[in-house]
Structures are given as structure tokens and as C-alpha cells.
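Presented below is the structure to which this report refers.
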Amino acid sequence: MAPSGPASAGSPASPFDDPAFVAGLRPIPMGPLTGAGQRPAADIDGEDLDGRPLEIQVRSFDQALLLCFLHVHCDGCDSFWRGLADRPSLELPVSVSTVAVTKGPHAVDRHEVARAAGRNLDAEGEAGPDEVPVVMSDAAWADYRVTGYPFFVLVDARTQTVVGETVGFGWTDVYAMVQASGL
């Protein structure tokens with residue numbers, strides 16, 4: 001039986017044993033946001049996979065926008081990257097546009113992001129019509145209050161508001177959030 005008291009000498013204490021750590025935790029919102037939970041959506045300024053400036057303007061979309069905050073060194077993100085690379089097979093409604101968001105290029109290697117997204121940086125030309133845009137932006141993570149990954153934010157582009165967010169443990173979590181939003 002494991003001891004229930006403080007960690008034994010030489011073994012690190014769990015952060016959950018520290019009242020200051022536990023007091024600093026915040027709940028992760030999951031699902032549709034209503035009323036005071038809704039907040040304005042922010043445009044995203046960053047770079048594309050080739051290092052060119054890229055701005056994702058929320059108002060330029062005429063439908064719902066799903067922002068997928070992912071990382072390349074995240075076991076839980078792998079299935080999401082595969083799903084985004086094979087966009088036609090995603091079960092999202094056609095009324096939902098999708099954009100992948102990573103940390104900026106100083107925090108993550110763009111070649112690793114390209115591989116995760118199923119892209120070849122050496123190929124000429126823009127992303128194909130079925131390819132999900134990828135924007136590398138640290139500011140987007142702060143603007144959308146994302147503290148971990150994989151995390152998904154649903155934006156109503158018509159009203160330019162955040163209407164849903166969830167931690168993704170699988171695409172079914174994301175589908176459920178989108179469906180619950182009514183968009």
C-alpha cells in the first residue's frame with residue numbers, strides 16, 4: 001500500500017500536495033459558452049509554414065471557425081494532426097472552417113509542423129483547397145486563453161464571438177462541442 005502522507009525522502013512531492021499550486025488551478029471550460037461566457041474573437045497574426053506573414057481575420061469567414069491549438073511534441077495531438085491532414089474525412093459540418101494554430105516559429109520547428117500537417121515545405125505553391133491552413137502564432141494562444149494542447153475554440157464568425165471551447169481527447173469531443181453550439 002502506498003503511503004498517503006507527504007512524499008518519502010528522496011521522492012518528489014506531487015504538485016497536487018501543494019495548496020498554493022492547487023489554489024492556482026482554473027477549470028478548463030468545455031462545451032458551448034453562453035451569455036457572460038462568450039467573449040470577442042481575436043484575429044490571428046502569425047506566420048505560415050513558409051515563414052510568410054499570415055493573418056487570419058475572423059470577419060473574413062462566412063461560417064463557424066474551428067481553431068485547433070496543437071503541438072508537434074504531443075502524443076494527444078497526433079490523431080488531430082492526422083485528421084486535419086485528411087480534411088475530407090473529418091466529420092465536421094461543411095459549415096465549419098478549420099485553422100490549425102501552433103506556437104510561433106521560435107518555439108516550434110516549422111518543418112516538424114509541416115510534417116505533422118502532412119505538408120512538404122519543399123513543394124512549390126500554396127496549400128491545396130482541402131488542406132487546413134496552419135498559422136504559427138504565440139499571440140493567438142494568449143488571445144484565446146489557451147494554456148495547453150490539444151485545445152479547440154469555436155468562433156461564430158458572423159458575430160465574431162467565441163461560442164465554444166474544449167480540451168480534445170478525440171475528435172468525438174470536438175464534434176460534440178460543435179454540435180452543441182448550434183452553429
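Scheme for the C-alpha cells: letters A, B, ... for chains in order shown; per-chain residue numbers from 1; ligand numbers from 1 in order shown.
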Quick one: contact table of range 29-88 of chain A to range 102-117 of chain A, 12 Å max, nearest atom pair and distance in Å to one decimal per residue, counting only C-alpha atoms, chain and number order, as JSON lines?
{"residue": "A:Ile44", "atom": "CA", "partner": "A:Thr102", "partner_atom": "CA", "distance": 11.3}
{"residue": "A:Asp45", "atom": "CA", "partner": "A:Gly104", "partner_atom": "CA", "distance": 10.2}
{"residue": "A:Gly46", "atom": "CA", "partner": "A:Gly104", "partner_atom": "CA", "distance": 7.2}
{"residue": "A:Glu47", "atom": "CA", "partner": "A:Gly104", "partner_atom": "CA", "distance": 7.6}
{"residue": "A:Asp48", "atom": "CA", "partner": "A:Arg110", "partner_atom": "CA", "distance": 8.8}
{"residue": "A:Leu49", "atom": "CA", "partner": "A:Arg110", "partner_atom": "CA", "distance": 5.9}
{"residue": "A:Asp50", "atom": "CA", "partner": "A:Arg110", "partner_atom": "CA", "distance": 7.8}
{"residue": "A:Gly51", "atom": "CA", "partner": "A:Pro105", "partner_atom": "CA", "distance": 8.2}
{"residue": "A:Arg52", "atom": "CA", "partner": "A:Pro105", "partner_atom": "CA", "distance": 11.1}
{"residue": "A:Pro53", "atom": "CA", "partner": "A:Gly104", "partner_atom": "CA", "distance": 11.5}
{"residue": "A:Leu54", "atom": "CA", "partner": "A:Gly104", "partner_atom": "CA", "distance": 11.7}
{"residue": "A:Leu67", "atom": "CA", "partner": "A:Thr102", "partner_atom": "CA", "distance": 10.2}
{"residue": "A:Cys68", "atom": "CA", "partner": "A:Thr102", "partner_atom": "CA", "distance": 8.4}
{"residue": "A:Phe69", "atom": "CA", "partner": "A:Thr102", "partner_atom": "CA", "distance": 5.9}
{"residue": "A:Leu70", "atom": "CA", "partner": "A:Thr102", "partner_atom": "CA", "distance": 5.5}
{"residue": "A:His71", "atom": "CA", "partner": "A:Thr102", "partner_atom": "CA", "distance": 5.9}
{"residue": "A:Val72", "atom": "CA", "partner": "A:Val113", "partner_atom": "CA", "distance": 6.1}
{"residue": "A:His73", "atom": "CA", "partner": "A:Val108", "partner_atom": "CA", "distance": 9.1}
{"residue": "A:Cys74", "atom": "CA", "partner": "A:Ala116", "partner_atom": "CA", "distance": 10.7}
{"residue": "A:Asp75", "atom": "CA", "partner": "A:Ala116", "partner_atom": "CA", "distance": 11.5}
{"residue": "A:Cys77", "atom": "CA", "partner": "A:Ala116", "partner_atom": "CA", "distance": 9.3}
{"residue": "A:Asp78", "atom": "CA", "partner": "A:Ala116", "partner_atom": "CA", "distance": 7.6}
{"residue": "A:Ser79", "atom": "CA", "partner": "A:Ala116", "partner_atom": "CA", "distance": 10.0}
{"residue": "A:Phe80", "atom": "CA", "partner": "A:Ala117", "partner_atom": "CA", "distance": 9.4}
{"residue": "A:Trp81", "atom": "CA", "partner": "A:Ala117", "partner_atom": "CA", "distance": 5.7}
{"residue": "A:Arg82", "atom": "CA", "partner": "A:Ala117", "partner_atom": "CA", "distance": 7.2}
{"residue": "A:Gly83", "atom": "CA", "partner": "A:Ala117", "partner_atom": "CA", "distance": 9.1}
{"residue": "A:Leu84", "atom": "CA", "partner": "A:Ala117", "partner_atom": "CA", "distance": 6.9}
{"residue": "A:Ala85", "atom": "CA", "partner": "A:Ala117", "partner_atom": "CA", "distance": 5.4}
{"residue": "A:Asp86", "atom": "CA", "partner": "A:Ala117", "partner_atom": "CA", "distance": 9.1}
{"residue": "A:Arg87", "atom": "CA", "partner": "A:Ala117", "partner_atom": "CA", "distance": 10.4}
For the selection you just gave me, I'd like the residues written to a file as a PDB file, in the first residue's frame, keeping N, CA and C atoms.
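out.pdb written:
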ATOM      1  N   ILE A  44      -5.942  36.542 -35.841  1.00  0.00           N
ATOM      2  CA  ILE A  44      -4.674  35.886 -35.519  1.00  0.00           C
ATOM      3  C   ILE A  44      -3.600  36.378 -36.477  1.00  0.00           C
ATOM      4  N   ASP A  45      -2.546  36.943 -35.914  1.00  0.00           N
ATOM      5  CA  ASP A  45      -1.380  37.351 -36.687  1.00  0.00           C
ATOM      6  C   ASP A  45      -0.257  36.364 -36.403  1.00  0.00           C
ATOM      7  N   GLY A  46       0.362  35.869 -37.472  1.00  0.00           N
ATOM      8  CA  GLY A  46       1.454  34.920 -37.302  1.00  0.00           C
ATOM      9  C   GLY A  46       2.168  34.699 -38.615  1.00  0.00           C
ATOM     10  N   GLU A  47       2.662  33.487 -38.777  1.00  0.00           N
ATOM     11  CA  GLU A  47       3.375  33.108 -39.996  1.00  0.00           C
ATOM     12  C   GLU A  47       2.804  31.812 -40.524  1.00  0.00           C
ATOM     13  N   ASP A  48       2.886  31.648 -41.855  1.00  0.00           N
ATOM     14  CA  ASP A  48       2.510  30.368 -42.431  1.00  0.00           C
ATOM     15  C   ASP A  48       3.713  29.432 -42.358  1.00  0.00           C
ATOM     16  N   LEU A  49       3.583  28.241 -42.898  1.00  0.00           N
ATOM     17  CA  LEU A  49       4.654  27.253 -42.797  1.00  0.00           C
ATOM     18  C   LEU A  49       5.904  27.635 -43.585  1.00  0.00           C
ATOM     19  N   ASP A  50       5.767  28.561 -44.523  1.00  0.00           N
ATOM     20  CA  ASP A  50       6.923  29.028 -45.297  1.00  0.00           C
ATOM     21  C   ASP A  50       7.566  30.259 -44.684  1.00  0.00           C
ATOM     22  N   GLY A  51       7.059  30.737 -43.555  1.00  0.00           N
ATOM     23  CA  GLY A  51       7.637  31.890 -42.879  1.00  0.00           C
ATOM     24  C   GLY A  51       7.082  33.223 -43.347  1.00  0.00           C
ATOM     25  N   ARG A  52       6.056  33.187 -44.183  1.00  0.00           N
ATOM     26  CA  ARG A  52       5.431  34.432 -44.641  1.00  0.00           C
ATOM     27  C   ARG A  52       4.405  34.893 -43.615  1.00  0.00           C
ATOM     28  N   PRO A  53       4.247  36.214 -43.482  1.00  0.00           N
ATOM     29  CA  PRO A  53       3.215  36.720 -42.567  1.00  0.00           C
ATOM     30  C   PRO A  53       1.834  36.192 -42.974  1.00  0.00           C
ATOM     31  N   LEU A  54       1.053  35.837 -41.983  1.00  0.00           N
ATOM     32  CA  LEU A  54      -0.292  35.311 -42.234  1.00  0.00           C
ATOM     33  C   LEU A  54      -1.227  35.902 -41.193  1.00  0.00           C
ATOM     34  N   LEU A  67     -10.780  26.699 -34.364  1.00  0.00           N
ATOM     35  CA  LEU A  67      -9.348  26.902 -34.184  1.00  0.00           C
ATOM     36  C   LEU A  67      -8.797  25.715 -33.402  1.00  0.00           C
ATOM     37  N   CYS A  68      -7.847  25.008 -33.988  1.00  0.00           N
ATOM     38  CA  CYS A  68      -7.265  23.800 -33.391  1.00  0.00           C
ATOM     39  C   CYS A  68      -5.871  24.139 -32.891  1.00  0.00           C
ATOM     40  N   PHE A  69      -5.716  24.292 -31.584  1.00  0.00           N
ATOM     41  CA  PHE A  69      -4.428  24.628 -30.980  1.00  0.00           C
ATOM     42  C   PHE A  69      -3.681  23.321 -30.703  1.00  0.00           C
ATOM     43  N   LEU A  70      -2.612  23.095 -31.479  1.00  0.00           N
ATOM     44  CA  LEU A  70      -1.894  21.824 -31.439  1.00  0.00           C
ATOM     45  C   LEU A  70      -0.393  22.038 -31.305  1.00  0.00           C
ATOM     46  N   HIS A  71       0.304  20.984 -30.940  1.00  0.00           N
ATOM     47  CA  HIS A  71       1.763  20.998 -30.840  1.00  0.00           C
ATOM     48  C   HIS A  71       2.287  19.749 -31.532  1.00  0.00           C
ATOM     49  N   VAL A  72       3.536  19.768 -31.923  1.00  0.00           N
ATOM     50  CA  VAL A  72       4.108  18.603 -32.599  1.00  0.00           C
ATOM     51  C   VAL A  72       4.681  17.583 -31.621  1.00  0.00           C
ATOM     52  N   HIS A  73       4.988  17.988 -30.403  1.00  0.00           N
ATOM     53  CA  HIS A  73       5.509  17.068 -29.389  1.00  0.00           C
ATOM     54  C   HIS A  73       4.422  16.797 -28.366  1.00  0.00           C
ATOM     55  N   CYS A  74       3.340  16.218 -28.834  1.00  0.00           N
ATOM     56  CA  CYS A  74       2.162  15.982 -28.005  1.00  0.00           C
ATOM     57  C   CYS A  74       1.507  14.706 -28.520  1.00  0.00           C
ATOM     58  N   ASP A  75       1.603  13.644 -27.713  1.00  0.00           N
ATOM     59  CA  ASP A  75       1.001  12.383 -28.130  1.00  0.00           C
ATOM     60  C   ASP A  75      -0.493  12.534 -28.384  1.00  0.00           C
ATOM     61  N   CYS A  77      -1.995  15.013 -29.588  1.00  0.00           N
ATOM     62  CA  CYS A  77      -2.269  15.819 -30.783  1.00  0.00           C
ATOM     63  C   CYS A  77      -2.174  15.014 -32.074  1.00  0.00           C
ATOM     64  N   ASP A  78      -1.506  13.858 -32.023  1.00  0.00           N
ATOM     65  CA  ASP A  78      -1.256  13.077 -33.246  1.00  0.00           C
ATOM     66  C   ASP A  78      -2.519  12.790 -34.045  1.00  0.00           C
ATOM     67  N   SER A  79      -3.565  12.314 -33.381  1.00  0.00           N
ATOM     68  CA  SER A  79      -4.784  11.963 -34.122  1.00  0.00           C
ATOM     69  C   SER A  79      -5.446  13.209 -34.715  1.00  0.00           C
ATOM     70  N   PHE A  80      -5.280  14.335 -34.059  1.00  0.00           N
ATOM     71  CA  PHE A  80      -5.850  15.574 -34.605  1.00  0.00           C
ATOM     72  C   PHE A  80      -5.070  16.028 -35.837  1.00  0.00           C
ATOM     73  N   TRP A  81      -3.740  15.944 -35.780  1.00  0.00           N
ATOM     74  CA  TRP A  81      -2.950  16.285 -36.967  1.00  0.00           C
ATOM     75  C   TRP A  81      -3.331  15.378 -38.134  1.00  0.00           C
ATOM     76  N   ARG A  82      -3.481  14.057 -37.864  1.00  0.00           N
ATOM     77  CA  ARG A  82      -3.860  13.131 -38.944  1.00  0.00           C
ATOM     78  C   ARG A  82      -5.220  13.500 -39.515  1.00  0.00           C
ATOM     79  N   GLY A  83      -6.150  13.845 -38.648  1.00  0.00           N
ATOM     80  CA  GLY A  83      -7.480  14.230 -39.123  1.00  0.00           C
ATOM     81  C   GLY A  83      -7.452  15.487 -39.968  1.00  0.00           C
ATOM     82  N   LEU A  84      -6.649  16.463 -39.550  1.00  0.00           N
ATOM     83  CA  LEU A  84      -6.554  17.708 -40.313  1.00  0.00           C
ATOM     84  C   LEU A  84      -5.856  17.484 -41.653  1.00  0.00           C
ATOM     85  N   ALA A  85      -4.872  16.577 -41.678  1.00  0.00           N
ATOM     86  CA  ALA A  85      -4.164  16.284 -42.926  1.00  0.00           C
ATOM     87  C   ALA A  85      -5.087  15.599 -43.922  1.00  0.00           C
ATOM     88  N   ASP A  86      -6.095  14.911 -43.411  1.00  0.00           N
ATOM     89  CA  ASP A  86      -7.058  14.222 -44.272  1.00  0.00           C
ATOM     90  C   ASP A  86      -8.417  14.895 -44.125  1.00  0.00           C
ATOM     91  N   ARG A  87      -8.440  16.208 -44.308  1.00  0.00           N
ATOM     92  CA  ARG A  87      -9.619  17.056 -44.075  1.00  0.00           C
ATOM     93  C   ARG A  87     -10.914  16.496 -44.653  1.00  0.00           C
TER      94      ARG A  87
END
Please provide as a list in words all residues within 9 Å of Gly76 in chain A, with the sequence filter that same-chain residues fewer than 5 positions apart are discarded (counting only C-alpha atoms).
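Close residues of Gly76 in chain A: Tyr149, Pro150, Gly168, Phe169 and Gly170 of chain A.
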Figure out the distance between CA of Arg145 in chain A and CA of Gln38 in chain A, please, to one decimal in Å.
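Taking CA of Gln38 in chain A as the start and CA of Arg145 in chain A as the end point, the length is 12.7 Å.
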Range 66-139 of chain A: residues DSSP assigns to strand (DSSP E), reported as a list in words:
Leu66, Leu67, Cys68, Phe69, Val96, Ser97, Thr98, Val99, Ala100, Val101, Thr102, Val134, Val135 and Met136 of chain A
Can those selected residues be exported to a file as a tab-separated table (two decimals), in the first residue's frame so that it contains C-alpha atoms?
chain	number	residue	atom	x	y	z
A	66	LEU	CA	-12.79	25.98	-35.52
A	67	LEU	CA	-9.35	26.90	-34.18
A	68	CYS	CA	-7.26	23.80	-33.39
A	69	PHE	CA	-4.43	24.63	-30.98
A	96	VAL	CA	-17.31	24.88	-40.21
A	97	SER	CA	-13.98	26.22	-41.46
A	98	THR	CA	-10.87	24.91	-39.72
A	99	VAL	CA	-7.48	26.50	-38.94
A	100	ALA	CA	-4.60	24.82	-37.08
A	101	VAL	CA	-2.68	27.07	-34.69
A	102	THR	CA	0.78	26.27	-33.30
A	134	VAL	CA	-1.69	26.40	-40.38
A	135	VAL	CA	-0.70	29.61	-38.60
A	136	MET	CA	2.26	29.81	-36.22
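The interatomic distance for the pair CA of Phe152 in chain A and CA of Ser95 in chain A works out to 16.4 Å.
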Using only C-alpha atoms, which of A:Arg158, A:Arg119, A:Arg39, A:Arg59 sits nearest Tyr144 in chain A?
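Ranked by minimum distance to Tyr144 in chain A, first place goes to A:Arg39.
Each of A:Val174, A:Val155, A:Val58, A:Val163 was compared to Leu92 in chain A using only C-alpha atoms, and A:Val174 turns out to be the nearest.
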